[in-house]
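Undergrad: run.cif is reproduced below (mmCIF, C-alpha atoms).
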```cif
data_coords
#
loop_
_atom_site.label_atom_id
_atom_site.label_comp_id
_atom_site.auth_asym_id
_atom_site.auth_seq_id
_atom_site.Cartn_x
_atom_site.Cartn_y
_atom_site.Cartn_z
CA LYS R 154 -30.38 77.29 34.27
CA ASP R 155 -28.28 74.27 35.28
CA LEU R 156 -26.99 73.78 38.81
CA PHE R 157 -23.70 71.96 39.38
CA ILE R 158 -23.01 70.86 42.95
CA LEU R 159 -19.35 69.97 43.24
CA GLY R 160 -18.31 67.92 46.25
CA LEU R 161 -14.58 67.99 46.96
CA GLY R 162 -12.53 65.03 48.12
CA ASN R 163 -9.94 62.47 47.12
CA PRO R 164 -10.88 59.34 45.16
CA GLY R 165 -10.37 55.80 46.43
CA THR R 166 -11.23 53.79 49.51
CA LYS R 167 -8.06 54.97 51.25
CA TYR R 168 -9.51 58.46 51.56
CA GLU R 169 -13.28 58.00 51.64
CA LYS R 170 -13.65 58.34 55.42
CA THR R 171 -11.02 61.04 55.93
CA ARG R 172 -12.04 64.54 57.00
CA HIS R 173 -10.91 66.06 53.69
CA ASN R 174 -13.66 64.09 51.93
CA ALA R 175 -16.54 65.99 53.53
CA GLY R 176 -17.75 67.13 50.10
CA PHE R 177 -17.98 63.53 48.92
CA TRP R 178 -19.81 62.58 52.13
CA VAL R 179 -22.61 65.04 51.38
CA LEU R 180 -23.06 64.02 47.74
CA ASP R 181 -22.96 60.31 48.58
CA HIS R 182 -25.58 60.78 51.29
CA PHE R 183 -27.78 62.82 48.95
CA ALA R 184 -27.53 60.15 46.26
CA TRP R 185 -28.31 57.41 48.79
CA LYS R 186 -31.28 59.26 50.28
CA TYR R 187 -32.91 59.97 46.93
CA ASN R 188 -31.87 56.70 45.22
CA HIS R 189 -29.52 58.27 42.69
CA HIS R 190 -26.34 56.77 41.26
CA PHE R 191 -23.07 58.24 40.05
CA ARG R 192 -21.48 57.29 36.74
CA ARG R 193 -18.14 58.12 35.20
CA PRO R 194 -18.43 59.36 31.60
CA PHE R 195 -15.96 57.85 29.15
CA CYS R 196 -12.46 59.37 29.41
CA SER R 197 -13.59 61.82 32.09
CA SER R 198 -11.91 62.74 35.37
CA PHE R 199 -15.11 63.00 37.40
CA GLU R 200 -18.20 61.10 38.48
CA ILE R 201 -21.56 62.71 37.82
CA CYS R 202 -25.18 62.15 38.78
CA ARG R 203 -28.25 63.93 37.42
CA VAL R 204 -30.75 64.75 40.17
CA GLN R 205 -34.40 64.07 39.43
CA LEU R 206 -36.75 64.95 42.26
CA ALA R 207 -40.48 64.38 42.55
CA SER R 208 -41.22 67.42 44.65
CA THR R 209 -43.74 70.17 45.20
CA PRO R 210 -42.90 72.79 44.10
CA PRO R 211 -40.84 71.38 41.21
CA PRO R 212 -37.09 71.99 41.13
CA VAL R 213 -36.03 75.56 40.38
CA TYR R 214 -33.32 74.45 37.95
CA GLU R 215 -33.70 72.86 34.53
CA ASN R 216 -30.95 70.35 35.31
CA ILE R 217 -29.20 69.59 38.59
CA TRP R 218 -25.91 67.72 38.63
CA LEU R 219 -23.90 66.24 41.49
CA VAL R 220 -20.22 66.07 40.57
CA LYS R 221 -17.23 64.42 42.27
CA PRO R 222 -13.83 65.32 40.78
CA LEU R 223 -11.45 62.36 40.56
CA THR R 224 -8.38 64.55 40.07
CA TYR R 225 -7.44 64.58 43.77
CA MET R 226 -8.14 67.62 45.88
CA ASN R 227 -5.32 69.86 44.67
CA LYS R 228 -6.58 69.75 41.07
CA SER R 229 -10.34 69.95 41.69
CA GLY R 230 -10.80 73.00 39.47
CA GLU R 231 -9.37 71.34 36.38
CA ILE R 232 -12.65 69.61 35.54
CA LEU R 233 -14.79 72.75 35.52
CA PRO R 234 -14.01 74.35 32.14
CA GLY R 235 -14.91 71.18 30.27
CA LEU R 236 -17.89 70.45 32.50
CA ILE R 237 -19.68 73.73 31.77
CA LYS R 238 -18.32 74.27 28.23
CA LYS R 239 -21.65 73.66 26.48
CA VAL R 240 -23.89 75.02 29.24
CA PRO R 241 -24.80 78.67 28.57
CA ASN R 242 -26.46 79.40 31.91
CA TYR R 243 -25.31 77.73 35.08
CA GLU R 244 -24.61 78.09 38.76
CA ILE R 245 -21.99 76.22 40.79
CA ILE R 246 -21.97 75.29 44.46
CA VAL R 247 -18.87 73.73 45.99
CA ILE R 248 -19.01 71.57 49.13
CA THR R 249 -15.87 71.10 51.19
CA ASP R 250 -14.31 70.82 54.64
CA ASN R 251 -13.35 73.79 56.81
CA LEU R 252 -10.77 73.84 59.60
CA ASP R 253 -12.11 77.02 61.18
CA LEU R 254 -15.54 75.55 61.94
CA PRO R 255 -16.02 72.92 64.66
CA PRO R 256 -17.28 69.44 63.71
CA GLY R 257 -21.04 69.38 63.24
CA THR R 258 -21.17 72.93 61.89
CA ILE R 259 -22.19 73.94 58.39
CA ARG R 260 -22.07 77.35 56.77
CA MET R 261 -22.62 78.70 53.29
CA LYS R 262 -20.84 81.66 51.72
CA ASN R 263 -21.42 83.45 48.43
CA LYS R 264 -17.88 83.15 47.10
CA ILE R 265 -14.56 81.45 47.74
CA GLY R 266 -12.68 84.56 48.76
CA SER R 267 -9.13 83.74 49.82
CA GLY R 268 -9.92 80.05 50.22
CA GLY R 269 -8.22 80.02 53.61
CA GLY R 270 -5.29 77.96 52.32
CA HIS R 271 -7.59 75.17 51.07
CA ASN R 272 -5.93 73.66 47.99
CA GLY R 273 -9.17 72.43 46.45
CA LEU R 274 -10.72 75.89 46.61
CA LYS R 275 -7.47 77.42 45.37
CA SER R 276 -7.60 75.16 42.32
CA ILE R 277 -11.19 76.22 41.60
CA ARG R 278 -10.33 79.88 42.02
CA ASP R 279 -7.28 79.51 39.77
CA ALA R 280 -9.50 77.94 37.10
CA GLY R 281 -11.51 81.19 37.02
CA PHE R 282 -14.43 80.26 39.27
CA SER R 283 -13.84 82.40 42.37
CA HIS R 284 -17.46 83.54 42.67
CA VAL R 285 -19.02 80.12 43.17
CA LYS R 286 -20.99 79.58 46.37
CA VAL R 287 -19.31 77.39 48.97
CA LEU R 288 -20.97 75.10 51.52
CA TYR R 289 -18.53 74.41 54.33
CA LEU R 290 -18.60 71.47 56.75
CA GLY R 291 -16.58 72.04 59.89
CA ILE R 292 -13.84 69.56 60.77
CA GLY R 293 -12.14 71.58 63.51
CA LYS R 294 -8.47 72.36 63.96
CA PRO R 295 -5.84 69.79 64.92
CA GLY R 296 -4.53 69.97 68.45
CA ASP R 297 -0.95 69.53 67.27
CA ASN R 298 -1.27 72.00 64.36
CA ASN R 299 -0.42 69.26 61.87
CA VAL R 300 -3.01 70.19 59.25
CA VAL R 301 -2.07 67.54 56.68
CA ASN R 302 -2.39 64.67 59.15
CA HIS R 303 -5.66 66.13 60.42
CA VAL R 304 -7.44 66.58 57.10
CA LEU R 305 -6.23 63.20 55.82
CA GLY R 306 -6.97 61.52 59.14
CA TYR R 307 -10.06 59.67 60.32
CA PRO R 308 -12.56 61.27 62.73
CA ASP R 309 -12.91 59.69 66.15
CA PRO R 310 -16.33 58.21 67.07
CA SER R 311 -17.61 61.36 68.77
CA GLU R 312 -16.66 63.41 65.72
CA GLU R 313 -18.42 60.96 63.42
CA VAL R 314 -21.70 61.63 65.20
CA LEU R 315 -21.27 65.38 64.66
CA HIS R 316 -20.26 64.92 61.04
CA GLY R 317 -23.33 62.76 60.48
CA GLU R 318 -25.46 65.62 61.80
CA SER R 319 -23.81 68.18 59.53
CA VAL R 320 -24.11 65.93 56.46
CA LYS R 321 -27.85 65.43 57.05
CA ASN R 322 -28.37 69.16 57.54
CA ALA R 323 -26.38 69.93 54.40
CA VAL R 324 -28.45 67.48 52.34
CA GLN R 325 -31.70 68.97 53.61
CA GLY R 326 -30.45 72.46 52.84
CA LEU R 327 -29.48 71.42 49.31
CA PHE R 328 -32.93 69.93 48.75
CA THR R 329 -34.50 73.24 49.79
CA LEU R 330 -32.12 75.10 47.49
CA MET R 331 -33.06 72.88 44.56
CA THR R 332 -36.81 73.20 45.07
CA LYS R 333 -37.23 76.71 46.47
CA GLY R 334 -34.20 78.59 45.15
CA VAL R 335 -30.74 79.58 46.23
CA GLN R 336 -31.64 82.14 48.87
CA ALA R 337 -34.08 79.80 50.61
CA GLY R 338 -31.43 77.09 50.62
CA VAL R 339 -28.73 79.40 51.92
CA ASN R 340 -31.05 80.66 54.66
CA GLU R 341 -31.88 77.13 55.74
CA ILE R 342 -28.28 75.95 55.69
CA ASN R 343 -27.07 78.89 57.74
CA ALA R 344 -30.01 78.56 60.12
CA ARG R 345 -29.14 74.90 60.66
CA ARG R 346 -25.52 75.60 61.49
CA ARG R 347 -24.84 74.13 64.86
CA GLN R 348 -24.07 76.76 67.48
CA ASP R 349 -21.33 76.07 70.00
CA THR R 350 -22.54 75.88 73.57
#
```
Starting from the coordinates I provided, produce the structure as structure tokens.
TA:
Amino acid sequence: KDLFILGLGNPGTKYEKTRHNAGFWVLDHFAWKYNHHFRRPFCSSFEICRVQLASTPPPVYENIWLVKPLTYMNKSGEILPGLIKKVPNYEIIVITDNLDLPPGTIRMKNKIGSGGGHNGLKSIRDAGFSHVKVLYLGIGKPGDNNVVNHVLGYPDPSEEVLHGESVKNAVQGLFTLMTKGVQAGVNEINARRRQDT
């Protein structure tokens, strides 16, 4: 079975540090930590990286792929049909931001559900992939209720510290998932979720 881990975000330096790019943050940190590199296949609308881990036990999956759509958030799902077209047995995990969770919090769910108004998840659901697992990174709600400015805005320094914590926890949880299986990874991710005090 192949595992595709899809991090959601918007391409380009203008967006790379914005809250909406939490999915890209996780994949970039994973690639940096394990010395992997993304490439863009010819005429494709995504960047992809094959994960190769020297680990004990060995990875659970035959192939593991990190994928960053370059379609902009609202069209994230458009890459999926072509991506998995020739793969008979696969699993997909989507990583994205979540307004309902405070910064520093991570949580994993077994399916998209309603998507909570998230356009990236809506695009994936509309493409026929509503039962993918979703790893959420909390970005909190805006004080002025201006969601667009919030998700496309830059975290303040105190938020950045919390986001750094959630990204590291997400990467560790993904490593566990790859090497010990989905349920072990989900358990670790949800155990690592930062509790409000």
Undergrad: Selected by the PyMOL selection byres ((chain R and resi 273-286) around 9) in the shown coordinates: which residues, as a JSON list (two decimals) with C-alpha atoms, keeping the file's coordinate frame?
TA:
```
[["chain", "number", "residue", "atom", "x", "y", "z"],
["R", 161, "LEU", "CA", -14.58, 67.99, 46.96],
["R", 162, "GLY", "CA", -12.53, 65.03, 48.12],
["R", 225, "TYR", "CA", -7.44, 64.58, 43.77],
["R", 226, "MET", "CA", -8.14, 67.62, 45.88],
["R", 227, "ASN", "CA", -5.32, 69.86, 44.67],
["R", 228, "LYS", "CA", -6.58, 69.75, 41.07],
["R", 229, "SER", "CA", -10.34, 69.95, 41.69],
["R", 230, "GLY", "CA", -10.80, 73.00, 39.47],
["R", 231, "GLU", "CA", -9.37, 71.34, 36.38],
["R", 233, "LEU", "CA", -14.79, 72.75, 35.52],
["R", 234, "PRO", "CA", -14.01, 74.35, 32.14],
["R", 244, "GLU", "CA", -24.61, 78.09, 38.76],
["R", 245, "ILE", "CA", -21.99, 76.22, 40.79],
["R", 246, "ILE", "CA", -21.97, 75.29, 44.46],
["R", 247, "VAL", "CA", -18.87, 73.73, 45.99],
["R", 248, "ILE", "CA", -19.01, 71.57, 49.13],
["R", 249, "THR", "CA", -15.87, 71.10, 51.19],
["R", 261, "MET", "CA", -22.62, 78.70, 53.29],
["R", 262, "LYS", "CA", -20.84, 81.66, 51.72],
["R", 263, "ASN", "CA", -21.42, 83.45, 48.43],
["R", 264, "LYS", "CA", -17.88, 83.15, 47.10],
["R", 265, "ILE", "CA", -14.56, 81.45, 47.74],
["R", 266, "GLY", "CA", -12.68, 84.56, 48.76],
["R", 267, "SER", "CA", -9.13, 83.74, 49.82],
["R", 268, "GLY", "CA", -9.92, 80.05, 50.22],
["R", 269, "GLY", "CA", -8.22, 80.02, 53.61],
["R", 270, "GLY", "CA", -5.29, 77.96, 52.32],
["R", 271, "HIS", "CA", -7.59, 75.17, 51.07],
["R", 272, "ASN", "CA", -5.93, 73.66, 47.99],
["R", 287, "VAL", "CA", -19.31, 77.39, 48.97],
["R", 288, "LEU", "CA", -20.97, 75.10, 51.52]]
```
Undergrad: What do you get, as a list in words, if you spell out every residue that the PyMOL selection byres ((chain R and resi 199) around 8) selects here?
TA: Arg193, Pro194, Ser197, Ser198, Glu200, Ile201, Val220, Lys221, Pro222, Leu223, Thr224 and Ile232 of chain R
Undergrad: Assuming the chain letters and numbering stay as they are in my file, what does the PyMOL selection byres ((chain R and resi 207) around 12) actually select? List them as JSON, numbers by chain.
TA: {"R": [187, 188, 204, 205, 206, 208, 209, 210, 211, 212, 328, 331, 332]}
Undergrad: Which residues are close to R:Lys294, i.e. within 10 Å by all atoms listed in the file, leaving aside same-chain residues fewer than 4 positions away? Reply as a list in words.
TA: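 With the cut-off at 10 Å, the set is Asn251, Leu252, Asp253, Leu254, Pro255, Pro256, Asn298, Asn299, Val300, His303 and Val304 of chain R.
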Undergrad: At a cut-off of 9 Å around the point (-28.9, 67.6, 36.5) (file coordinates), what residues fall inside when counting all atoms listed in the file? I'd like the answer as a PDB file with C-alpha atoms, in the coordinates of the input.
TA:
```pdb
ATOM      1  CA  ASP R 155     -28.280  74.270  35.280  1.00  0.00           C
ATOM      2  CA  LEU R 156     -26.990  73.780  38.810  1.00  0.00           C
ATOM      3  CA  PHE R 157     -23.700  71.960  39.380  1.00  0.00           C
ATOM      4  CA  ILE R 201     -21.560  62.710  37.820  1.00  0.00           C
ATOM      5  CA  CYS R 202     -25.180  62.150  38.780  1.00  0.00           C
ATOM      6  CA  ARG R 203     -28.250  63.930  37.420  1.00  0.00           C
ATOM      7  CA  VAL R 204     -30.750  64.750  40.170  1.00  0.00           C
ATOM      8  CA  GLN R 205     -34.400  64.070  39.430  1.00  0.00           C
ATOM      9  CA  TYR R 214     -33.320  74.450  37.950  1.00  0.00           C
ATOM     10  CA  GLU R 215     -33.700  72.860  34.530  1.00  0.00           C
ATOM     11  CA  ASN R 216     -30.950  70.350  35.310  1.00  0.00           C
ATOM     12  CA  ILE R 217     -29.200  69.590  38.590  1.00  0.00           C
ATOM     13  CA  TRP R 218     -25.910  67.720  38.630  1.00  0.00           C
ATOM     14  CA  LEU R 219     -23.900  66.240  41.490  1.00  0.00           C
TER      15      LEU R 219
END
```
Undergrad: Which distance in Å separates atom CA of R:Val301 and atom CA of R:Asn322, to one decimal?
TA: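 Interatomic distance here is 26.4 Å.
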Undergrad: Which residue is closest to R:Pro295? Choose from R:Lys154, R:His189, R:Arg172, R:Lys167 and count only C-alpha atoms.
TA: R:Arg172
Undergrad: Return the single residue from R:Tyr243, R:Trp185, R:Trp178, R:Tyr289 that is closest to R:Gly317, with distances computed using all atoms listed in the file.
TA: R:Trp178
